>>> print(open('work37.json').read())   # JSON, C-alpha atoms
[["chain", "number", "residue", "atom", "x", "y", "z"],
["P", 1, "ASN", "CA", 60.27, -35.77, 42.10],
["P", 2, "ALA", "CA", 57.28, -36.77, 40.03],
["P", 3, "GLY", "CA", 55.96, -33.95, 37.94],
["P", 4, "VAL", "CA", 54.04, -33.04, 34.83],
["P", 5, "ALA", "CA", 53.65, -29.88, 32.83],
["P", 6, "ALA", "CA", 50.20, -28.28, 32.79],
["P", 7, "GLN", "CA", 47.79, -30.76, 31.25],
["P", 8, "PHE", "CA", 45.70, -29.91, 28.17],
["P", 9, "PRO", "CA", 42.84, -30.32, 28.05],
["P", 10, "LEU", "CA", 42.12, -30.20, 31.78],
["P", 11, "ARG", "CA", 42.15, -33.72, 33.16],
["P", 12, "LEU", "CA", 41.02, -35.09, 36.51],
["P", 13, "THR", "CA", 42.70, -38.04, 38.18],
["P", 14, "GLU", "CA", 40.73, -41.05, 39.40],
["P", 15, "ASP", "CA", 40.69, -39.25, 42.77],
["P", 16, "GLY", "CA", 38.77, -36.36, 41.23],
["P", 17, "VAL", "CA", 41.63, -33.83, 41.43],
["P", 18, "GLU", "CA", 43.08, -31.78, 38.56],
["P", 19, "ALA", "CA", 46.07, -33.79, 37.33],
["P", 20, "THR", "CA", 48.68, -31.00, 37.40],
["P", 21, "PHE", "CA", 47.91, -30.18, 41.03],
["P", 22, "GLN", "CA", 47.88, -33.80, 42.17],
["P", 23, "ALA", "CA", 51.04, -34.90, 40.35],
["P", 24, "ASN", "CA", 53.12, -31.86, 41.24],
["P", 25, "TYR", "CA", 51.96, -31.22, 44.79],
["P", 26, "LEU", "CA", 49.21, -33.26, 46.42],
["P", 27, "GLY", "CA", 50.88, -36.65, 45.97],
["P", 28, "HIS", "CA", 54.10, -35.22, 47.43],
["P", 29, "PHE", "CA", 52.16, -33.84, 50.39],
["P", 30, "ALA", "CA", 50.56, -37.24, 51.03],
["P", 31, "LEU", "CA", 53.90, -39.07, 50.88],
["P", 32, "THR", "CA", 55.78, -36.57, 53.05],
["P", 33, "THR", "CA", 53.17, -36.34, 55.79],
["P", 34, "ARG", "CA", 52.85, -40.12, 55.98],
["P", 35, "LEU", "CA", 56.62, -40.38, 56.39],
["P", 36, "LEU", "CA", 56.81, -37.68, 59.08],
["P", 37, "PRO", "CA", 56.72, -40.09, 62.07],
["P", 38, "LEU", "CA", 59.63, -42.05, 60.58],
["P", 39, "LEU", "CA", 61.55, -38.89, 59.67],
["P", 40, "THR", "CA", 61.20, -37.35, 63.13],
["P", 41, "ARG", "CA", 62.09, -40.63, 64.91],
["P", 42, "THR", "CA", 65.18, -41.00, 62.74],
["P", 43, "ALA", "CA", 66.24, -37.42, 63.43],
["P", 44, "ALA", "CA", 65.78, -37.94, 67.18],
["P", 45, "GLY", "CA", 68.15, -40.91, 67.14],
["P", 46, "ARG", "CA", 71.04, -39.12, 65.48],
["P", 47, "SER", "CA", 72.80, -35.77, 65.54],
["P", 48, "GLY", "CA", 71.51, -33.25, 63.04],
["P", 49, "ARG", "CA", 68.13, -33.08, 61.37],
["P", 50, "GLY", "CA", 66.34, -35.08, 58.72],
["P", 51, "ARG", "CA", 65.94, -33.35, 55.38],
["P", 52, "VAL", "CA", 63.03, -32.93, 53.00],
["P", 53, "VAL", "CA", 63.54, -31.31, 49.59],
["P", 54, "HIS", "CA", 60.48, -30.03, 47.72],
["P", 55, "LEU", "CA", 60.72, -29.42, 43.97],
["P", 56, "THR", "CA", 59.06, -26.16, 43.00],
["P", 57, "SER", "CA", 59.53, -23.80, 40.06],
["P", 58, "GLY", "CA", 59.98, -20.15, 39.24],
["P", 59, "ALA", "CA", 56.56, -20.56, 37.62],
["P", 60, "HIS", "CA", 55.03, -20.34, 41.11],
["P", 61, "ARG", "CA", 54.66, -16.63, 40.34],
["P", 62, "GLY", "CA", 51.95, -17.61, 37.81],
["P", 63, "ALA", "CA", 49.54, -18.62, 40.57],
["P", 64, "PRO", "CA", 46.54, -16.32, 41.20],
["P", 65, "PRO", "CA", 47.12, -13.44, 43.66],
["P", 66, "GLU", "CA", 45.28, -15.31, 46.44],
["P", 67, "GLY", "CA", 47.57, -18.32, 45.95],
["P", 68, "VAL", "CA", 45.78, -21.64, 45.73],
["P", 69, "PRO", "CA", 41.98, -21.43, 46.00],
["P", 70, "LEU", "CA", 41.20, -23.78, 48.85],
["P", 71, "SER", "CA", 38.29, -25.60, 47.29],
["P", 72, "LEU", "CA", 38.40, -28.58, 44.96],
["P", 73, "ALA", "CA", 35.83, -27.02, 42.66],
["P", 74, "SER", "CA", 38.09, -23.99, 42.15],
["P", 75, "ILE", "CA", 41.22, -26.08, 41.60],
["P", 76, "ASN", "CA", 39.33, -28.17, 39.04],
["P", 77, "ASP", "CA", 37.86, -25.11, 37.28],
["P", 78, "ALA", "CA", 38.37, -25.49, 33.53],
["P", 79, "ARG", "CA", 38.50, -21.70, 33.13],
["P", 80, "LEU", "CA", 41.93, -21.60, 34.77],
["P", 81, "GLY", "CA", 44.72, -21.40, 32.23],
["P", 82, "GLY", "CA", 47.48, -23.97, 32.08],
["P", 83, "TYR", "CA", 50.15, -21.60, 33.40],
["P", 84, "ALA", "CA", 47.97, -20.67, 36.37],
["P", 85, "ARG", "CA", 47.30, -24.36, 37.15],
["P", 86, "TYR", "CA", 51.01, -25.18, 37.01],
["P", 87, "GLY", "CA", 51.83, -22.08, 39.06],
["P", 88, "MET", "CA", 49.32, -23.07, 41.75],
["P", 89, "ALA", "CA", 50.86, -26.52, 42.09],
["P", 90, "LYS", "CA", 54.38, -25.13, 42.36],
["P", 91, "LEU", "CA", 53.32, -22.40, 44.79],
["P", 92, "ALA", "CA", 51.67, -25.08, 46.91],
["P", 93, "SER", "CA", 54.96, -26.99, 47.07],
["P", 94, "LEU", "CA", 56.80, -23.83, 48.07],
["P", 95, "ALA", "CA", 54.27, -22.94, 50.77],
["P", 96, "PHE", "CA", 54.35, -26.55, 52.02],
["P", 97, "ALA", "CA", 58.13, -26.36, 52.39],
["P", 98, "ALA", "CA", 57.80, -23.25, 54.55],
["P", 99, "GLU", "CA", 54.94, -24.66, 56.63],
["P", 100, "LEU", "CA", 56.77, -27.93, 57.26],
["P", 101, "ALA", "CA", 59.76, -25.92, 58.48],
["P", 102, "ARG", "CA", 57.51, -24.02, 60.89],
["P", 103, "ARG", "CA", 55.94, -27.21, 62.25],
["P", 104, "GLN", "CA", 58.97, -29.51, 62.32],
["P", 105, "GLY", "CA", 61.95, -27.16, 62.18],
["P", 106, "GLY", "CA", 63.56, -28.66, 65.26],
["P", 107, "ALA", "CA", 63.69, -32.12, 63.69],
["P", 108, "LEU", "CA", 63.71, -31.47, 59.94],
["P", 109, "LEU", "CA", 65.36, -29.19, 57.43],
["P", 110, "SER", "CA", 62.68, -28.43, 54.84],
["P", 111, "SER", "CA", 63.92, -26.78, 51.64],
["P", 112, "ALA", "CA", 62.37, -25.92, 48.28],
["P", 113, "VAL", "CA", 64.28, -26.03, 45.01],
["P", 114, "HIS", "CA", 63.76, -24.42, 41.61],
["P", 115, "PRO", "CA", 66.20, -26.40, 39.42],
["P", 116, "GLY", "CA", 65.96, -23.91, 36.54],
["P", 117, "VAL", "CA", 64.80, -24.49, 32.99],
["P", 118, "VAL", "CA", 66.01, -28.02, 32.34],
["P", 119, "ALA", "CA", 66.56, -29.81, 29.03],
["P", 120, "SER", "CA", 64.47, -32.82, 29.95],
["P", 121, "ASP", "CA", 61.61, -34.61, 28.19],
["P", 122, "MET", "CA", 58.97, -33.04, 30.45],
["P", 123, "LEU", "CA", 57.86, -30.68, 27.65],
["P", 124, "ARG", "CA", 56.20, -33.20, 25.39],
["P", 125, "ARG", "CA", 55.08, -32.43, 21.86],
["P", 126, "GLY", "CA", 51.62, -33.85, 22.51],
["P", 127, "ASN", "CA", 51.01, -31.35, 25.29],
["P", 128, "PHE", "CA", 51.85, -28.40, 23.01],
["P", 129, "GLU", "CA", 49.58, -29.80, 20.29],
["P", 130, "ALA", "CA", 46.70, -30.26, 22.74],
["P", 131, "MET", "CA", 47.09, -26.65, 23.82],
["P", 132, "LEU", "CA", 47.68, -24.95, 20.45],
["P", 133, "GLY", "CA", 46.62, -27.41, 17.78],
["P", 134, "ARG", "CA", 48.77, -29.72, 15.72],
["P", 135, "ARG", "CA", 50.47, -27.13, 13.51],
["P", 136, "LEU", "CA", 51.08, -24.31, 16.00],
["P", 137, "GLY", "CA", 51.76, -26.79, 18.79],
["P", 138, "GLY", "CA", 54.43, -28.47, 16.72],
["P", 139, "ILE", "CA", 56.09, -25.13, 16.01],
["P", 140, "ALA", "CA", 55.95, -24.13, 19.69],
["P", 141, "TRP", "CA", 57.46, -27.46, 20.71],
["P", 142, "GLN", "CA", 60.32, -27.00, 18.23],
["P", 143, "LEU", "CA", 60.98, -23.51, 19.61],
["P", 144, "ALA", "CA", 61.00, -24.91, 23.14],
["P", 145, "GLN", "CA", 63.51, -27.55, 22.08],
["P", 146, "ALA", "CA", 65.72, -24.86, 20.51],
["P", 147, "ARG", "CA", 65.52, -22.78, 23.70],
["P", 148, "ASN", "CA", 66.53, -25.82, 25.73],
["P", 149, "GLY", "CA", 69.54, -26.33, 23.50],
["P", 150, "LEU", "CA", 70.67, -22.73, 23.96],
["P", 151, "PHE", "CA", 69.75, -21.76, 27.52],
["P", 152, "ALA", "CA", 68.53, -24.71, 29.59],
["P", 153, "TYR", "CA", 70.48, -26.54, 32.26],
["P", 154, "SER", "CA", 71.37, -30.14, 31.61],
["P", 155, "THR", "CA", 69.74, -32.68, 33.92],
["P", 156, "GLU", "CA", 73.15, -33.18, 35.58],
["P", 157, "GLN", "CA", 73.56, -29.44, 36.24],
["P", 158, "ALA", "CA", 70.01, -29.10, 37.53],
["P", 159, "ALA", "CA", 70.56, -31.97, 39.95],
["P", 160, "LEU", "CA", 73.26, -29.98, 41.77],
["P", 161, "THR", "CA", 70.73, -27.52, 43.20],
["P", 162, "VAL", "CA", 68.45, -30.39, 44.23],
["P", 163, "LEU", "CA", 71.29, -32.20, 45.94],
["P", 164, "PHE", "CA", 72.62, -29.15, 47.81],
["P", 165, "PRO", "CA", 69.88, -28.89, 50.49],
["P", 166, "ALA", "CA", 69.80, -32.68, 50.72],
["P", 167, "VAL", "CA", 73.45, -33.18, 51.62],
["P", 168, "ALA", "CA", 75.29, -29.87, 52.17],
["P", 169, "PRO", "CA", 77.03, -30.05, 55.58],
["P", 170, "GLU", "CA", 76.76, -26.28, 56.11],
["P", 171, "LEU", "CA", 72.96, -26.66, 56.37],
["P", 172, "ALA", "CA", 73.15, -29.30, 59.10],
["P", 173, "GLY", "CA", 73.04, -26.96, 62.08],
["P", 174, "ARG", "CA", 70.35, -24.81, 63.64],
["P", 175, "ALA", "CA", 67.33, -23.33, 61.87],
["P", 176, "ASP", "CA", 69.27, -20.08, 61.47],
["P", 177, "SER", "CA", 72.19, -21.79, 59.69],
["P", 178, "PRO", "CA", 73.15, -20.48, 56.20],
["P", 179, "GLY", "CA", 70.09, -20.57, 53.97],
["P", 180, "GLY", "CA", 67.83, -21.10, 56.98],
["P", 181, "ASN", "CA", 64.90, -23.49, 57.14],
["P", 182, "GLY", "CA", 62.00, -23.41, 54.72],
["P", 183, "ARG", "CA", 64.10, -21.54, 52.14],
["P", 184, "LEU", "CA", 64.02, -21.62, 48.35],
["P", 185, "PHE", "CA", 67.19, -22.46, 46.41],
["P", 186, "VAL", "CA", 67.78, -21.68, 42.72],
["P", 187, "PRO", "CA", 70.68, -22.56, 40.37],
["P", 188, "VAL", "CA", 73.22, -23.15, 41.39],
["P", 189, "ALA", "CA", 72.56, -23.83, 45.10],
["P", 190, "THR", "CA", 71.71, -20.17, 45.82],
["P", 191, "PRO", "CA", 69.13, -19.01, 48.42],
["P", 192, "TRP", "CA", 66.43, -16.91, 46.77],
["P", 193, "GLU", "CA", 63.34, -15.03, 47.86],
["P", 194, "PRO", "CA", 60.03, -16.39, 46.47],
["P", 195, "ARG", "CA", 58.22, -14.24, 43.93],
["P", 196, "HIS", "CA", 54.70, -14.71, 45.29],
["P", 197, "PRO", "CA", 53.50, -13.16, 48.57],
["P", 198, "MET", "CA", 51.63, -16.31, 49.61],
["P", 199, "ALA", "CA", 54.75, -18.48, 49.47],
["P", 200, "THR", "CA", 55.75, -17.56, 53.02],
["P", 201, "ASP", "CA", 52.39, -16.39, 54.38],
["P", 202, "GLU", "CA", 51.85, -18.29, 57.64],
["P", 203, "ALA", "CA", 48.06, -18.21, 57.56],
["P", 204, "PHE", "CA", 47.98, -19.44, 53.97],
["P", 205, "GLY", "CA", 50.53, -22.18, 54.71],
["P", 206, "ALA", "CA", 48.47, -23.49, 57.63],
["P", 207, "ALA", "CA", 45.22, -23.32, 55.66],
["P", 208, "LEU", "CA", 46.79, -25.11, 52.68],
["P", 209, "TRP", "CA", 48.04, -27.89, 54.99],
["P", 210, "GLY", "CA", 44.56, -28.39, 56.44],
["P", 211, "PHE", "CA", 42.95, -28.35, 53.01],
["P", 212, "SER", "CA", 45.47, -30.85, 51.66],
["P", 213, "GLU", "CA", 44.92, -33.23, 54.57],
["P", 214, "CYS", "CA", 41.20, -33.07, 53.89],
["P", 215, "VAL", "CA", 41.53, -33.85, 50.17],
["P", 216, "VAL", "CA", 44.00, -36.69, 50.79],
["P", 217, "ALA", "CA", 41.56, -38.17, 53.33],
["P", 218, "GLY", "CA", 38.85, -38.21, 50.66],
["P", 219, "ARG", "CA", 36.59, -35.61, 52.28],
["P", 220, "ALA", "CA", 36.48, -33.33, 49.25],
["P", 221, "HIS", "CA", 32.87, -32.28, 49.88],
["P", 222, "ASP", "CA", 33.79, -30.34, 53.05],
["P", 223, "CYS", "CA", 37.47, -29.55, 52.47],
["P", 224, "SER", "CA", 36.99, -25.83, 51.94],
["P", 225, "ARG", "CA", 35.18, -25.57, 55.28],
["P", 226, "ASN", "CA", 37.93, -27.43, 57.13],
["P", 227, "ALA", "CA", 40.95, -25.64, 55.62],
["P", 228, "THR", "CA", 42.13, -24.04, 58.85]]
>>> encode(input="work37.json", output="structure tokens")
Amino acid sequence: NAGVAAQFPLRLTEDGVEATFQANYLGHFALTTRLLPLLTRTAAGRSGRGRVVHLTSGAHRGAPPEGVPLSLASINDARLGGYARYGMAKLASLAFAAELARRQGGALLSSAVHPGVVASDMLRRGNFEAMLGRRLGGIAWQLAQARNGLFAYSTEQAALTVLFPAVAPELAGRADSPGGNGRLFVPVATPWEPRHPMATDEAFGAALWGFSECVVAGRAHDCSRNAT
């Protein structure tokens, strides 16, 4: 996993994509789809299926009702709040997990994981200060650190849910094996229903895949037209 919290102020990458969306989803999509030929060939040469684990978050529920707006201009819109931007990226990962299962379910086990609130260094003080100002941001960061100390999972505990769909032998069988394919797992290693209607919507999953391919290929000017 490579991930960032919502970036303040809004920042575009050198590819012209909002940084939260690219770091949390689009880069993962590019890597996974480029590895698909290798993953499917490997699965064909052995018993069982290859496995892909997508890191999402319970914050996917913060995405807009329509899910991810399938235009780069909308994703890069500075009027979107930080929670919505983070939610869109995590919803995209969740929808990608389900769509990959639909397309490659015979060869791959595609699972999404929400590892829980984790006491890591992802919540950086500078991000809180950029969002709320130096004084209030510092206070909010201290409160977040206190919450982590009381309620968050350790990085070791959080890793258990990530590892479960990667290695659990009970998930090695057919697509209808325990947990199924394209499912979301939450702490600790528990199947869970997504909290956004677009997470498992087949039309949205297919459109998001097409849009993502278009952006990764550098055809941002016509991506919204080709998202089918």
>>> residues_near_point(input="work37.json", point="(40.9, -21.3, 32.0)", cutoff="12 Å", atoms="all atoms listed in the file", output="ChimeraX atom specification")
/P:6-10,64,74-86,131
>>> atom_distance(input="work37.json", atom1="CA of Ala107 (chain P)", atom2="CA of Phe29 (chain P)")
17.7 Å
>>> residues_around(input="work37.json", residues="Thr155 (chain P)", least_positions_apart="4", cutoff="7 Å", atoms="all atoms listed in the file", output="PDB file with C-alpha atoms, keeping the file's coordinate frame")
ATOM      1  CA  VAL P 118      66.010 -28.020  32.340  1.00  0.00           C
ATOM      2  CA  ALA P 119      66.560 -29.810  29.030  1.00  0.00           C
ATOM      3  CA  SER P 120      64.470 -32.820  29.950  1.00  0.00           C
ATOM      4  CA  ALA P 159      70.560 -31.970  39.950  1.00  0.00           C
TER       5      ALA P 159
END
>>> closest_residue(input="work37.json", among="P:Val216, P:Val113, P:Ala59, P:Ala168", to="Gly87 (chain P)", atoms="all atoms listed in the file")
P:Ala59
>>> closest_residue(input="work37.json", among="P:Val117, P:Ala199, P:Ala217, P:Val162", to="Met88 (chain P)", atoms="all atoms listed in the file")
P:Ala199
>>> closest_atom_pairs(input="work37.json", of="region 81-158 of chain P", to="region 201-209 of chain P", cutoff="7 Å", atoms="all atoms listed in the file", output="Markdown table")
| residue | atom | partner | partner_atom | distance |
| --- | --- | --- | --- | --- |
| P:Ala95 | CA | P:Gly205 | CA | 5.5 |
| P:Phe96 | CA | P:Gly205 | CA | 6.4 |
| P:Glu99 | CA | P:Gly205 | CA | 5.4 |
>>> build_atoms(input="work37.json", residues="region 46-57 of chain P", atoms="all heavy atoms", output="PDB file, in the coordinates of the input")
ATOM      1  N   ARG P  46      69.724 -39.450  66.021  1.00  0.00           N
ATOM      2  CA  ARG P  46      71.040 -39.120  65.480  1.00  0.00           C
ATOM      3  C   ARG P  46      71.270 -37.631  65.620  1.00  0.00           C
ATOM      4  O   ARG P  46      70.348 -36.853  65.849  1.00  0.00           O
ATOM      5  CB  ARG P  46      71.126 -39.518  63.998  1.00  0.00           C
ATOM      6  CG  ARG P  46      70.006 -38.922  63.163  1.00  0.00           C
ATOM      7  CD  ARG P  46      69.986 -39.428  61.738  1.00  0.00           C
ATOM      8  NE  ARG P  46      71.153 -38.995  61.008  1.00  0.00           N
ATOM      9  CZ  ARG P  46      71.325 -39.205  59.689  1.00  0.00           C
ATOM     10  NH1 ARG P  46      70.410 -39.861  59.022  1.00  0.00           N
ATOM     11  NH2 ARG P  46      72.401 -38.780  59.085  1.00  0.00           N
ATOM     12  N   SER P  47      72.517 -37.202  65.500  1.00  0.00           N
ATOM     13  CA  SER P  47      72.800 -35.770  65.540  1.00  0.00           C
ATOM     14  C   SER P  47      72.387 -35.142  64.208  1.00  0.00           C
ATOM     15  O   SER P  47      72.465 -35.778  63.151  1.00  0.00           O
ATOM     16  CB  SER P  47      74.303 -35.544  65.765  1.00  0.00           C
ATOM     17  OG  SER P  47      75.069 -36.151  64.741  1.00  0.00           O
ATOM     18  N   GLY P  48      71.971 -33.910  64.253  1.00  0.00           N
ATOM     19  CA  GLY P  48      71.510 -33.250  63.040  1.00  0.00           C
ATOM     20  C   GLY P  48      70.037 -33.491  62.796  1.00  0.00           C
ATOM     21  O   GLY P  48      69.343 -34.121  63.594  1.00  0.00           O
ATOM     22  N   ARG P  49      69.543 -32.987  61.686  1.00  0.00           N
ATOM     23  CA  ARG P  49      68.130 -33.080  61.370  1.00  0.00           C
ATOM     24  C   ARG P  49      67.912 -33.884  60.094  1.00  0.00           C
ATOM     25  O   ARG P  49      68.779 -33.952  59.223  1.00  0.00           O
ATOM     26  CB  ARG P  49      67.545 -31.666  61.155  1.00  0.00           C
ATOM     27  CG  ARG P  49      67.517 -30.821  62.419  1.00  0.00           C
ATOM     28  CD  ARG P  49      67.035 -29.420  62.111  1.00  0.00           C
ATOM     29  NE  ARG P  49      68.012 -28.678  61.318  1.00  0.00           N
ATOM     30  CZ  ARG P  49      67.803 -27.464  60.811  1.00  0.00           C
ATOM     31  NH1 ARG P  49      66.645 -26.886  60.995  1.00  0.00           N
ATOM     32  NH2 ARG P  49      68.739 -26.847  60.126  1.00  0.00           N
ATOM     33  N   GLY P  50      66.727 -34.493  59.991  1.00  0.00           N
ATOM     34  CA  GLY P  50      66.340 -35.080  58.720  1.00  0.00           C
ATOM     35  C   GLY P  50      66.098 -33.986  57.695  1.00  0.00           C
ATOM     36  O   GLY P  50      65.931 -32.811  58.045  1.00  0.00           O
ATOM     37  N   ARG P  51      66.084 -34.365  56.427  1.00  0.00           N
ATOM     38  CA  ARG P  51      65.940 -33.350  55.380  1.00  0.00           C
ATOM     39  C   ARG P  51      64.850 -33.755  54.387  1.00  0.00           C
ATOM     40  O   ARG P  51      64.746 -34.916  53.988  1.00  0.00           O
ATOM     41  CB  ARG P  51      67.265 -33.175  54.622  1.00  0.00           C
ATOM     42  CG  ARG P  51      68.421 -32.784  55.534  1.00  0.00           C
ATOM     43  CD  ARG P  51      69.641 -32.358  54.740  1.00  0.00           C
ATOM     44  NE  ARG P  51      70.787 -32.107  55.601  1.00  0.00           N
ATOM     45  CZ  ARG P  51      71.831 -31.367  55.261  1.00  0.00           C
ATOM     46  NH1 ARG P  51      71.873 -30.804  54.063  1.00  0.00           N
ATOM     47  NH2 ARG P  51      72.838 -31.190  56.113  1.00  0.00           N
ATOM     48  N   VAL P  52      64.058 -32.764  54.030  1.00  0.00           N
ATOM     49  CA  VAL P  52      63.030 -32.930  53.000  1.00  0.00           C
ATOM     50  C   VAL P  52      63.244 -31.851  51.959  1.00  0.00           C
ATOM     51  O   VAL P  52      63.336 -30.664  52.291  1.00  0.00           O
ATOM     52  CB  VAL P  52      61.605 -32.823  53.594  1.00  0.00           C
ATOM     53  CG1 VAL P  52      60.566 -32.993  52.487  1.00  0.00           C
ATOM     54  CG2 VAL P  52      61.394 -33.856  54.694  1.00  0.00           C
ATOM     55  N   VAL P  53      63.336 -32.243  50.696  1.00  0.00           N
ATOM     56  CA  VAL P  53      63.540 -31.310  49.590  1.00  0.00           C
ATOM     57  C   VAL P  53      62.304 -31.332  48.701  1.00  0.00           C
ATOM     58  O   VAL P  53      61.904 -32.386  48.211  1.00  0.00           O
ATOM     59  CB  VAL P  53      64.801 -31.671  48.771  1.00  0.00           C
ATOM     60  CG1 VAL P  53      64.991 -30.669  47.629  1.00  0.00           C
ATOM     61  CG2 VAL P  53      66.036 -31.703  49.666  1.00  0.00           C
ATOM     62  N   HIS P  54      61.704 -30.159  48.510  1.00  0.00           N
ATOM     63  CA  HIS P  54      60.480 -30.030  47.720  1.00  0.00           C
ATOM     64  C   HIS P  54      60.839 -29.390  46.375  1.00  0.00           C
ATOM     65  O   HIS P  54      61.475 -28.323  46.343  1.00  0.00           O
ATOM     66  CB  HIS P  54      59.474 -29.121  48.423  1.00  0.00           C
ATOM     67  CG  HIS P  54      59.266 -29.439  49.875  1.00  0.00           C
ATOM     68  ND1 HIS P  54      58.125 -30.034  50.354  1.00  0.00           N
ATOM     69  CD2 HIS P  54      60.053 -29.217  50.963  1.00  0.00           C
ATOM     70  CE1 HIS P  54      58.215 -30.178  51.667  1.00  0.00           C
ATOM     71  NE2 HIS P  54      59.376 -29.678  52.059  1.00  0.00           N
ATOM     72  N   LEU P  55      60.417 -29.995  45.288  1.00  0.00           N
ATOM     73  CA  LEU P  55      60.720 -29.420  43.970  1.00  0.00           C
ATOM     74  C   LEU P  55      59.622 -28.444  43.586  1.00  0.00           C
ATOM     75  O   LEU P  55      58.458 -28.816  43.436  1.00  0.00           O
ATOM     76  CB  LEU P  55      60.841 -30.511  42.917  1.00  0.00           C
ATOM     77  CG  LEU P  55      61.659 -30.041  41.715  1.00  0.00           C
ATOM     78  CD1 LEU P  55      63.144 -30.032  42.059  1.00  0.00           C
ATOM     79  CD2 LEU P  55      61.425 -30.917  40.501  1.00  0.00           C
ATOM     80  N   THR P  56      60.004 -27.183  43.420  1.00  0.00           N
ATOM     81  CA  THR P  56      59.060 -26.160  43.000  1.00  0.00           C
ATOM     82  C   THR P  56      59.539 -25.602  41.663  1.00  0.00           C
ATOM     83  O   THR P  56      60.262 -26.260  40.922  1.00  0.00           O
ATOM     84  CB  THR P  56      58.907 -25.073  44.086  1.00  0.00           C
ATOM     85  OG1 THR P  56      57.927 -24.135  43.681  1.00  0.00           O
ATOM     86  CG2 THR P  56      60.219 -24.378  44.392  1.00  0.00           C
ATOM     87  N   SER P  57      59.147 -24.398  41.338  1.00  0.00           N
ATOM     88  CA  SER P  57      59.530 -23.800  40.060  1.00  0.00           C
ATOM     89  C   SER P  57      59.393 -22.294  40.162  1.00  0.00           C
ATOM     90  O   SER P  57      58.568 -21.776  40.930  1.00  0.00           O
ATOM     91  CB  SER P  57      58.616 -24.324  38.945  1.00  0.00           C
ATOM     92  OG  SER P  57      58.770 -23.565  37.752  1.00  0.00           O
TER      93      SER P  57
END
